[in-house]
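Asks: upload18.cif is reproduced in full below (mmCIF, C-alpha atoms and all ligand atoms).
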data_input
#
loop_
_atom_site.label_atom_id
_atom_site.label_comp_id
_atom_site.auth_asym_id
_atom_site.auth_seq_id
_atom_site.Cartn_x
_atom_site.Cartn_y
_atom_site.Cartn_z
CA MET A 1 -14.40 -16.05 -3.54
CA ASP A 2 -16.91 -13.23 -3.78
CA LEU A 3 -16.03 -9.74 -2.62
CA THR A 4 -18.25 -9.79 0.47
CA THR A 5 -16.56 -12.96 1.71
CA ALA A 6 -13.11 -11.53 1.01
CA ILE A 7 -13.92 -8.36 2.96
CA THR A 8 -15.45 -10.30 5.84
CA GLU A 9 -12.72 -12.93 6.09
CA ARG A 10 -9.67 -10.68 5.62
CA ARG A 11 -7.85 -10.55 8.92
CA SER A 12 -4.36 -9.59 10.01
CA VAL A 13 -2.51 -12.89 10.25
CA LYS A 14 0.73 -13.00 12.25
CA HIS A 15 2.14 -16.38 11.23
CA PHE A 16 2.64 -17.71 7.71
CA ASP A 17 3.97 -20.96 6.31
CA PRO A 18 7.58 -20.03 5.53
CA SER A 19 7.96 -22.88 3.03
CA HIS A 20 5.13 -21.72 0.79
CA ARG A 21 6.01 -20.05 -2.51
CA MET A 22 3.51 -18.02 -4.50
CA THR A 23 3.67 -18.50 -8.25
CA GLU A 24 4.89 -15.66 -10.46
CA ALA A 25 1.39 -15.46 -11.95
CA GLU A 26 -0.17 -15.03 -8.49
CA VAL A 27 2.29 -12.29 -7.57
CA ALA A 28 1.69 -10.54 -10.90
CA THR A 29 -2.08 -10.67 -10.31
CA LEU A 30 -1.65 -9.02 -6.90
CA TYR A 31 0.16 -6.02 -8.33
CA GLU A 32 -1.92 -5.79 -11.50
CA GLN A 33 -5.02 -5.55 -9.32
CA ALA A 34 -3.40 -3.07 -6.91
CA LEU A 35 -2.69 -0.82 -9.91
CA LEU A 36 -6.43 -0.53 -10.52
CA SER A 37 -6.95 1.25 -7.18
CA PRO A 38 -8.13 4.84 -7.43
CA THR A 39 -5.75 7.79 -6.96
CA SER A 40 -6.33 11.53 -7.00
CA TYR A 41 -5.76 12.80 -10.56
CA ASN A 42 -4.67 9.25 -11.42
CA ILE A 43 -1.19 10.13 -10.14
CA GLN A 44 -0.47 6.61 -8.82
CA HIS A 45 1.96 7.78 -6.14
CA TRP A 46 2.61 4.22 -5.03
CA ARG A 47 5.92 2.41 -5.42
CA PHE A 48 5.81 -1.25 -4.42
CA LEU A 49 9.16 -2.25 -3.01
CA ARG A 50 9.19 -6.04 -2.90
CA ILE A 51 11.63 -7.55 -0.42
CA THR A 52 12.70 -10.75 -2.13
CA ASP A 53 16.30 -11.18 -1.04
CA GLU A 54 16.81 -13.37 2.05
CA ASN A 55 19.43 -11.12 3.67
CA GLN A 56 17.32 -8.05 3.00
CA ARG A 57 14.35 -9.83 4.62
CA GLN A 58 16.40 -10.42 7.75
CA ALA A 59 17.48 -6.78 7.87
CA VAL A 60 13.87 -5.64 7.37
CA ARG A 61 12.71 -8.02 10.10
CA ALA A 62 15.25 -6.55 12.52
CA ALA A 63 13.97 -3.03 11.70
CA ALA A 64 10.43 -4.31 12.26
CA TRP A 65 11.15 -5.29 15.84
CA ASP A 66 11.59 -8.92 14.88
CA GLN A 67 7.96 -9.51 13.85
CA ALA A 68 7.75 -13.05 12.48
CA GLN A 69 5.43 -12.20 9.56
CA VAL A 70 8.28 -10.35 7.87
CA SER A 71 10.37 -13.42 7.21
CA GLU A 72 7.58 -16.02 7.10
CA ALA A 73 5.49 -14.28 4.43
CA SER A 74 5.66 -15.51 0.84
CA GLU A 75 5.43 -11.93 -0.39
CA LEU A 76 6.63 -8.89 1.54
CA VAL A 77 6.13 -5.43 0.13
CA LEU A 78 6.93 -1.99 1.44
CA ILE A 79 4.32 0.30 -0.06
CA CYS A 80 6.00 3.66 -0.49
CA GLY A 81 4.58 6.93 -1.80
CA ASP A 82 6.36 9.36 -4.09
CA THR A 83 5.40 12.79 -2.72
CA ASN A 84 6.72 14.44 -5.88
CA ALA A 85 4.92 12.16 -8.32
CA TRP A 86 2.65 15.09 -9.21
CA GLN A 87 5.50 16.90 -10.96
CA LYS A 88 7.28 13.96 -12.61
CA SER A 89 6.08 14.05 -16.24
CA PRO A 90 2.41 14.32 -15.19
CA GLU A 91 1.22 14.04 -18.78
CA ARG A 92 1.83 10.26 -18.50
CA TYR A 93 -1.04 9.97 -15.99
CA TRP A 94 -3.48 10.98 -18.75
CA GLN A 95 -1.67 9.57 -21.77
CA ASP A 96 -4.64 7.48 -22.90
CA ALA A 97 -7.21 10.24 -22.45
CA PRO A 98 -8.51 12.44 -25.29
CA GLU A 99 -6.36 15.54 -25.94
CA ASP A 100 -8.89 18.01 -24.53
CA VAL A 101 -9.05 16.02 -21.28
CA GLN A 102 -5.25 15.99 -21.04
CA ALA A 103 -5.10 19.72 -21.73
CA MET A 104 -7.51 20.38 -18.88
CA LEU A 105 -6.33 17.91 -16.23
CA VAL A 106 -2.56 18.15 -16.41
CA PRO A 107 -2.35 21.89 -15.56
CA MET A 108 -5.17 21.42 -13.04
CA LEU A 109 -3.31 18.76 -11.11
CA GLN A 110 -0.14 20.85 -11.06
CA ASP A 111 -2.08 23.81 -9.60
CA PHE A 112 -3.64 21.51 -7.02
CA TYR A 113 -0.28 20.26 -5.69
CA ASN A 114 2.07 23.18 -6.31
CA GLY A 115 3.39 24.63 -3.05
CA ARG A 116 1.04 22.50 -0.90
CA GLU A 117 3.40 20.08 0.81
CA TRP A 118 0.79 18.65 3.13
CA ILE A 119 -1.38 17.66 0.15
CA GLN A 120 1.63 16.12 -1.59
CA ARG A 121 2.17 13.93 1.47
CA ASP A 122 -1.49 13.23 2.22
CA GLU A 123 -2.16 12.09 -1.33
CA ALA A 124 0.84 9.77 -1.37
CA ILE A 125 -0.51 8.13 1.81
CA ARG A 126 -4.08 7.98 0.48
CA SER A 127 -2.98 6.35 -2.76
CA GLY A 128 -0.75 3.81 -1.04
CA ALA A 129 -3.44 2.93 1.50
CA MET A 130 -5.95 2.32 -1.30
CA ALA A 131 -3.45 0.00 -2.97
CA ALA A 132 -2.75 -1.80 0.32
CA GLN A 133 -6.40 -2.73 0.78
CA THR A 134 -6.68 -3.88 -2.83
CA LEU A 135 -3.58 -6.04 -2.37
CA MET A 136 -4.98 -7.61 0.78
CA LEU A 137 -8.39 -8.32 -0.74
CA SER A 138 -6.79 -9.66 -3.91
CA ALA A 139 -4.63 -11.96 -1.77
CA LYS A 140 -7.68 -13.13 0.19
CA ALA A 141 -9.57 -13.87 -3.02
CA MET A 142 -6.65 -16.10 -4.08
CA GLY A 143 -6.74 -18.03 -0.79
CA TYR A 144 -3.94 -16.12 0.93
CA ASP A 145 -3.84 -14.04 4.09
CA SER A 146 -2.07 -10.82 4.87
CA CYS A 147 -0.89 -8.43 7.54
CA PRO A 148 -0.61 -4.66 7.08
CA MET A 149 2.29 -3.30 9.13
CA ILE A 150 3.65 0.01 10.27
CA GLY A 151 5.50 -1.47 13.25
CA PHE A 152 9.02 -0.67 12.12
CA ASP A 153 11.72 1.89 12.72
CA GLN A 154 11.23 4.28 9.84
CA GLU A 155 14.74 5.74 9.89
CA GLN A 156 16.42 2.37 10.04
CA MET A 157 14.15 1.04 7.27
CA ALA A 158 14.85 4.06 5.09
CA LYS A 159 18.57 3.30 5.29
CA ILE A 160 18.10 -0.42 4.59
CA VAL A 161 16.07 0.17 1.42
CA ASN A 162 17.76 3.42 0.35
CA LEU A 163 14.45 5.29 0.40
CA PRO A 164 14.64 8.37 -1.87
CA GLU A 165 14.32 11.76 -0.08
CA ASP A 166 10.96 12.53 -1.67
CA HIS A 167 9.39 9.13 -0.87
CA ILE A 168 7.61 8.10 2.32
CA PHE A 169 6.57 4.77 3.77
CA VAL A 170 2.83 4.13 3.58
CA MET A 171 2.90 0.66 5.14
CA MET A 172 4.41 -2.76 4.73
CA VAL A 173 2.19 -5.71 3.73
CA ALA A 174 3.04 -9.34 4.40
CA ILE A 175 1.16 -11.94 2.34
CA GLY A 176 1.22 -15.72 2.55
CA LYS A 177 -0.42 -18.97 3.59
CA ALA A 178 -1.70 -18.63 7.14
CA ALA A 179 0.06 -20.98 9.56
CA LYS A 180 -2.13 -19.86 12.48
CA PRO A 181 -5.51 -18.15 12.35
CA ALA A 182 -5.73 -14.48 13.31
CA ASN A 183 -6.48 -13.59 16.92
CA GLY A 184 -10.11 -12.81 17.78
CA ARG A 185 -11.26 -9.42 16.58
CA GLY A 186 -10.43 -6.54 18.90
CA GLY A 187 -13.98 -5.27 18.56
CA GLN A 188 -15.55 -2.92 16.05
CA LEU A 189 -17.00 0.40 17.16
CA PRO A 190 -20.80 0.60 16.82
CA LEU A 191 -22.13 2.01 13.55
CA SER A 192 -24.06 4.54 15.63
CA GLU A 193 -20.74 6.07 16.72
CA VAL A 194 -18.93 6.13 13.39
CA VAL A 195 -21.66 6.70 10.80
CA LEU A 196 -23.00 10.25 10.94
CA GLN A 197 -25.42 12.15 8.84
CA ASN A 198 -25.06 15.57 7.29
CA SER A 199 -22.86 17.20 9.93
CA PHE A 200 -20.99 16.50 13.15
C1 LIG A 301 -1.49 0.84 8.98
C2 LIG A 301 -1.55 -0.44 9.80
C3 LIG A 301 -0.42 -0.85 10.48
C4 LIG A 301 -0.41 -2.05 11.20
N1 LIG A 301 0.75 -2.48 11.77
C5 LIG A 301 0.80 -3.72 12.31
C6 LIG A 301 2.03 -4.26 12.74
O1 LIG A 301 3.10 -3.64 12.63
N2 LIG A 301 2.03 -5.50 13.27
C7 LIG A 301 0.89 -6.23 13.39
O2 LIG A 301 0.96 -7.36 13.88
N3 LIG A 301 -0.30 -5.74 12.98
C8 LIG A 301 -0.38 -4.51 12.44
N4 LIG A 301 -1.57 -4.01 11.97
C9 LIG A 301 -2.78 -4.85 12.06
C10 LIG A 301 -3.84 -4.26 13.00
O3 LIG A 301 -3.50 -4.52 14.33
C11 LIG A 301 -5.18 -4.87 12.60
O4 LIG A 301 -5.51 -4.44 11.30
C12 LIG A 301 -6.33 -4.49 13.54
O5 LIG A 301 -6.11 -4.97 14.82
C13 LIG A 301 -7.67 -5.03 13.02
O6 LIG A 301 -7.59 -6.43 12.86
P1 LIG A 301 -7.89 -7.16 11.46
O7 LIG A 301 -6.98 -6.51 10.43
O8 LIG A 301 -7.58 -8.60 11.68
O9 LIG A 301 -9.32 -6.91 11.12
C14 LIG A 301 -1.61 -2.82 11.27
C15 LIG A 301 -2.74 -2.38 10.59
C16 LIG A 301 -2.72 -1.22 9.85
C17 LIG A 301 -3.93 -0.82 9.06
#
Show me, as structure tokens, the structure contained in the file I just sent.
Replies:
Amino acid sequence: MDLTTAITERRSVKHFDPSHRMTEAEVATLYEQALLSPTSYNIQHWRFLRITDENQRQAVRAAAWDQAQVSEASELVLICGDTNAWQKSPERYWQDAPEDVQAMLVPMLQDFYNGREWIQRDEAIRSGAMAAQTLMLSAKAMGYDSCPMIGFDQEQMAKIVNLPEDHIFVMMVAIGKAAKPANGRGGQLPLSEVVLQNSF
């Protein structure tokens, strides 16, 4: 499937075939491709928490107000962001770069984040959201459908998955074989409203 078709045909599907199993190779491809998403300073704040255990799925579904996608999906992932990723051995984010590039970027990224909690949080969300879209397009290209989800009780979910203090939820993504097509589109805003030029 070409990229334009994947973008055009990706929709939020609410019912998946619960008997379908993705192969290990398909699942690996999803995450390998997600890892290629861009992140500020290549920090890769994302942590992909796969919910594979049946009991854990049920608990997550209860926290997600019983939405069926949660247990019907072949792959269910809570995309989390590490808000402190910027200070956890940041030299590893540039380990393959030439030494002069490392010497410039590593202190620069620390200055950018240090003491700026809103940026630490914003960047974790931005990175995770980039990865979410890559995951969904990758799934579509493989013949699967997906549903991004933030409809869950964050406090309850944090307890269920033992979310570390310095991590946040970006969104959950359910992926699988569609059992029912998506509902009709809600309606896109006109380009004339959302595309602006040069200033507001
Ligand atoms: C961050 C985010 C959270 C969402 N949460 C849910 C959700 O909890 N349950 C659900 O059924 N759909 C959820 N959606 C799907 C949206 O309703 C859907 O993307 C939107 O209506 C546009 O439809 P489309 O994705 O089919 O183009 C979410 C989408 C996003 C991006």
Asks: Compile the contact shell of region 185-189 of chain A as a list in words: residues with an atom at most 12 Å away, counting only C-alpha atoms, same-chain residues fewer than 3 positions apart removed.
Replies: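 In the requested form, the answer reads Thr8, Glu9, Arg10, Arg11, Ser12, Val13, Pro181, Ala182, Ser192, Glu193, Val194 and Val195 of chain A.
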Asks: Which residue is closest to Phe152 (chain A)? Choose from A:Ala63, A:Met130, A:Ala178, A:Val106 and count only C-alpha atoms.
Replies: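 The shortest atom-to-atom distance to Phe152 (chain A) comes from A:Ala63.
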Asks: Could you tell me, counting all atoms listed in the file, which protein and nucleic acid residues lie no more than 6 Å from ligand LIG 301 (chain A), written as a ChimeraX atom specification?
Replies: /A:11-12,14,148-151,171
Asks: Quick check, in Å to one decimal: how far apart do CA of Leu3 (chain A) and CA of Ile175 (chain A) lie?
Replies: 18.0 Å
Asks: Please determine, counting only C-alpha atoms, which residue among A:Ala85, A:Val170, A:Leu76, A:Leu35 has the shortest atom-to-atom distance to Thr52 (chain A).
Replies: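 Under the stated criterion, the closest residue is A:Leu76.
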Asks: What is the distance, in Å and to one decimal place, between CA of Arg121 (chain A) and CA of Ala97 (chain A)?
Replies: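 Going from CA of Arg121 (chain A) over to CA of Ala97 (chain A) covers 26.0 Å.
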Asks: Quick one: everything within 9 Å of Arg21 (chain A), counting only C-alpha atoms, minus sequence neighbours fewer than 5 positions away in the same chain. Send it as a PyMOL selection string.
Replies: chain A and resi 74-75+176-177
